Amino acid sequence: MVANCPARLSRRATFARVGILEEDVARVREAIDFVAVAGEHIGLKRVGRRWVGLCPFHAEKTPSFSVNGDMGLYYCFGCGAKGDVITFVRELEHLEFAEAVERLASKAGIQLRYDDASAGRDRQRRDRLVEAMERAVSWYHERLLTSPDAGSARTYLRSRGYDGEVVRAFRLGWAPDAWDALARALALPDEVLEQTGLGMRNRRGRQQDRFRGRVMFPIFDASGRPVAFGGRILPPELRRASPEAGDTPGPKYVNSAETPIYSKSRTLYGLNWAKGAIVETGEAIVCEGYTDVIGFSRVGLGRAVATCGTALADDHFRTLKNFARRVVLAYDADTAGQAAAERFYEWERRYELDIAVASLPAGADPGDLAARDPDALRAAVAGAQPFLSFRLERVLAQADLGSPEGRARAAERALPVIAEHPSDLVRDQYVMEVADRCRAAPERLRAGLADAIRAGKANKGPRHPAPASGSRPARAEQAEEAAESGRRPRVGTLKRGGDSRAGATATATSTERVRRAGDGTARRVEVEALRLAVHRPEEVADRLEEVLFSDEVNLAGFRALAGASTLHEAIGAAAPDASALLQRLAVEETDADPDDVIALLVKQAVTRAIVELEACARESVLVVPEVAQTLAWLKPAVEQLHDPDNRIGACDRLVAWLVQRGEEDA
């Protein structure tokens, strides 16, 4: 039973059902840094020997997702999600098994082998596209830094306050205003040129660049792979100064279309750079443009991301909730209509996010404000208000609160805005705030609010019920309850002295786990023995036997470990309940003394045997002498389990007796 060693592979190559050699799948599992992969999608913090963070598979505010980087396994104590790095990538990115293995193999630099030549075509195509994009990023970037025709572009960037450090950090580039400069330089096949969105073949049968005469903003996915571009045209005065400027300027921005490696609704510009700061602060700033992200970075707010030419969508928030609990919108959210407002509230509820709005000066965008008044930009983010509070403040700020008529009109305009919120408790809090500022009776405003709510329902049909303010979705509450009861990595009486210092959010003390666990002491000791078998097999493997386990799931887990050469193999071979148990144990820690655990485990098994022997003696007087003789030997041996000097020998003798008894009964 070996749990933490390289896989022992069969000499004869075997094949996964997807066409990838099993040997190569195992190589990918062993080579990949699971913590680094998970860190591309969620924020992880080291706690003891594990890494913990917010689960990407269900909404939660207390971290219950745990990763064992050494074993390459994860387990969520909230929702029960579990698996290895391949499962993690499959579930999070909605990939088939082969696609997940191929993506990870690319990260690890492993060349996969297939039983069918066509099986690797998709992977190879994606690799070619990403490689072509990387070449394009480098070519555009070098062109901006060194080419004479990029002089106007450099002038424009300097006018925005972008020095060489900014240009290099964000890998900005320049696309010359020539029909096929990039196509000729990279010599890409037509298929690659078109599928990357870098160009096309025109009516004359010649390759043609998509981006011409533009400052280039490369777009990367969360892991830092280039997947798209945004290109900004130069201002009119600089276009005239450019020797290659064309007569027709075109739109201000040209963005990549969706491709096999790029989805606008699932990509956030700047996330590859910002995710570390987002995790550290627990807050993400969402803005509208590439220059806004750069502006925030220049004033020390490196946690900004931007949508890529599309409105905020569900996938954006699904991504953001893996990194932060608070999202600050840094654009004019006052233009959002009722439908958009309801989407914000739904995202808050579904992903347990707090959405706030930074109040920027009228007509100012973050990119310009960063250069003109950086303190104002920082203050706007620091003073960001909840979405409903922001909208109400706009309504009240435009009103004449100095007159009775003005206050009445302000209250009337505020009520429909309040009515959009799904929580009755939140609505009532804002009703009281409006009542105070407009000097109106709360009861009158509540009646008006009820009318506004009914009017809203009549206009759009029935409203989905929502939890009250401060309440949690049932799924999240159940998840945290499960997390509380599921964290029981070790038993207090088995510890080797000293308190656990793993941290408040990771695992509680052993004593607390014993108190929380609903199972009996016997099962907890068995689980602790299995935990040792998973993490420190060399200390217990030759001392454990099937007769020591009474719980069916624990026994199945032990059998799986005993019959496998690796933990991954044991997990794959075990029944579902036992497999889940082993995956959970892999991300839990233990500092238990193996001698203590084995002694308790043996004592429990012998105690069960003694109960059975005494029952036999009561049923038949014929076996009384034999039982009495056996008990006379057993009880002193059990007492020796409490003696540190003799317990190892006593354990060996008692286990041998239990095994022999089991064989005789069989």
# chains A, B, ... in the order shown; residues from 1 in each chain; ligands from 1
>>> closest_atom_pairs(of="region 18-75 of chain A", to="region 279-284 of chain A", cutoff="9 Å", atoms="only C-alpha atoms", output="tab-separated table")
residue	atom	partner	partner_atom	distance
A:Ile42	CA	A:Val279	CA	8.0
A:Gly43	CA	A:Val279	CA	5.2
A:Leu44	CA	A:Val279	CA	8.0
>>> write_last_selection(atoms="C-alpha atoms", output="CSV table (one decimal), in the first residue's frame")
chain,number,residue,atom,x,y,z
A,42,ILE,CA,-9.6,30.8,-7.4
A,43,GLY,CA,-7.7,32.5,-4.6
A,44,LEU,CA,-5.8,30.0,-2.5
>>> select_by_dssp(residues="region 274-400 of chain A", states="strand (DSSP E or B)", output="list in words")
Glu283, Ala284, Ile285, Val286, Cys287, Ala304, Val305, Ala306, Thr307, Arg326, Val327, Val328, Leu329, Asp354, Ile355, Ala356, Val357, Gln385 and Pro386 of chain A
>>> residues_around(residues="region 637-646 of chain A", least_positions_apart="2", cutoff="12 Å", atoms="only C-alpha atoms", output="PyMOL selection string")
chain A and resi 593+595-607+609-610+630-635+648-655+657
>>> write_last_selection(atoms="C-alpha atoms", output="compact mmCIF listing (two decimals), in the first residue's frame")
# COMPACT_ATOMS: atom_id res chain seq x y z
CA ASP A 593 0.81 9.36 16.81
CA ASP A 595 1.18 4.04 17.96
CA ASP A 596 -1.73 5.74 19.74
CA VAL A 597 -4.05 5.22 16.78
CA ILE A 598 -3.15 1.56 16.26
CA ALA A 599 -3.50 0.86 19.98
CA LEU A 600 -6.99 2.39 20.07
CA LEU A 601 -7.97 0.63 16.85
CA VAL A 602 -6.81 -2.74 18.19
CA LYS A 603 -8.51 -2.15 21.52
CA GLN A 604 -11.80 -1.44 19.77
CA ALA A 605 -11.55 -4.58 17.65
CA VAL A 606 -10.63 -6.76 20.62
CA THR A 607 -13.44 -5.24 22.70
CA ALA A 609 -14.46 -9.73 19.97
CA ILE A 610 -14.75 -9.97 23.77
CA THR A 630 -9.24 -16.85 26.06
CA LEU A 631 -10.44 -13.91 28.14
CA ALA A 632 -7.80 -14.62 30.75
CA TRP A 633 -5.19 -14.08 28.02
CA LEU A 634 -6.93 -11.20 26.25
CA LYS A 635 -7.63 -8.84 29.12
CA ILE A 648 3.59 -2.27 20.23
CA GLY A 649 4.21 -5.90 21.11
CA ALA A 650 0.70 -6.22 22.57
CA CYS A 651 -0.76 -4.78 19.37
CA ASP A 652 1.12 -7.30 17.24
CA ARG A 653 -0.06 -10.24 19.37
CA LEU A 654 -3.66 -9.09 19.49
CA VAL A 655 -3.83 -8.35 15.74
CA TRP A 657 -5.10 -13.36 17.26
>>> atom_distance(atom1="CA of Arg391 (chain A)", atom2="CA of Lys61 (chain A)")
26.0 Å
>>> select_by_dssp(residues="region 395-452 of chain A", states="helix (DSSP H, G or I)", output="short mmCIF file (atom, residue, chain, number, x, y, z; two decimals) with C-alpha atoms, in the first residue's frame")
data_model
loop_
_atom_site.label_atom_id
_atom_site.label_comp_id
_atom_site.auth_asym_id
_atom_site.auth_seq_id
_atom_site.Cartn_x
_atom_site.Cartn_y
_atom_site.Cartn_z
CA VAL A 395 -32.22 60.37 -7.58
CA LEU A 396 -32.02 62.41 -4.39
CA ALA A 397 -29.06 64.49 -5.58
CA PRO A 404 -42.02 70.22 0.36
CA GLU A 405 -42.87 69.74 -3.31
CA GLY A 406 -39.29 68.80 -4.19
CA ARG A 407 -39.08 66.31 -1.34
CA ALA A 408 -42.38 64.72 -2.37
CA ARG A 409 -41.24 64.36 -5.98
CA ALA A 410 -37.93 62.88 -4.80
CA ALA A 411 -39.74 60.30 -2.68
CA GLU A 412 -42.04 59.39 -5.58
CA ARG A 413 -39.05 58.88 -7.88
CA ALA A 414 -37.14 56.88 -5.28
CA LEU A 415 -39.87 54.29 -4.65
CA PRO A 416 -39.72 52.54 -8.06
CA VAL A 417 -35.94 52.29 -7.69
CA ILE A 418 -36.32 50.70 -4.24
CA ALA A 419 -39.03 48.38 -5.56
CA ASP A 424 -38.18 43.15 1.54
CA LEU A 425 -35.84 43.85 4.46
CA VAL A 426 -33.40 45.76 2.26
CA ARG A 427 -36.28 47.67 0.70
CA ASP A 428 -37.56 48.68 4.13
CA GLN A 429 -34.15 49.96 5.20
CA TYR A 430 -34.04 52.27 2.19
CA VAL A 431 -37.65 53.34 2.71
CA MET A 432 -36.68 54.59 6.15
CA GLU A 433 -33.65 56.38 4.72
CA VAL A 434 -35.79 58.13 2.09
CA ALA A 435 -38.39 58.94 4.74
CA ASP A 436 -35.73 60.63 6.84
CA ARG A 437 -34.22 62.66 3.99
CA CYS A 438 -37.56 63.61 2.44
CA PRO A 442 -42.49 55.77 6.62
CA GLU A 443 -46.00 54.27 6.58
CA ARG A 444 -47.00 56.42 3.62
CA LEU A 445 -43.85 55.44 1.76
CA ARG A 446 -44.37 51.73 2.51
CA ALA A 447 -47.84 51.96 1.00
CA GLY A 448 -46.40 53.69 -2.07
CA LEU A 449 -43.68 51.04 -2.29
CA ALA A 450 -46.30 48.28 -2.30
CA ASP A 451 -48.02 50.02 -5.22
CA ALA A 452 -44.67 50.30 -7.06
#
>>> residues_around(residues="Ile294 (chain A)", least_positions_apart="3", cutoff="9 Å", atoms="only C-alpha atoms", output="PyMOL selection string")
chain A and resi 162+166+170+270+289-291+297-299+302+304+367+370
>>> atom_distance(atom1="CA of Pro625 (chain A)", atom2="CA of Arg647 (chain A)")
27.3 Å
>>> residues_around(residues="Glu352 (chain A)", least_positions_apart="6", cutoff="8 Å", atoms="only C-alpha atoms", output="list in words")
Ala59, Glu60, Lys61, Lys321 and Arg325 of chain A
>>> atom_distance(atom1="CA of Ile233 (chain A)", atom2="CA of Val254 (chain A)")
8.3 Å
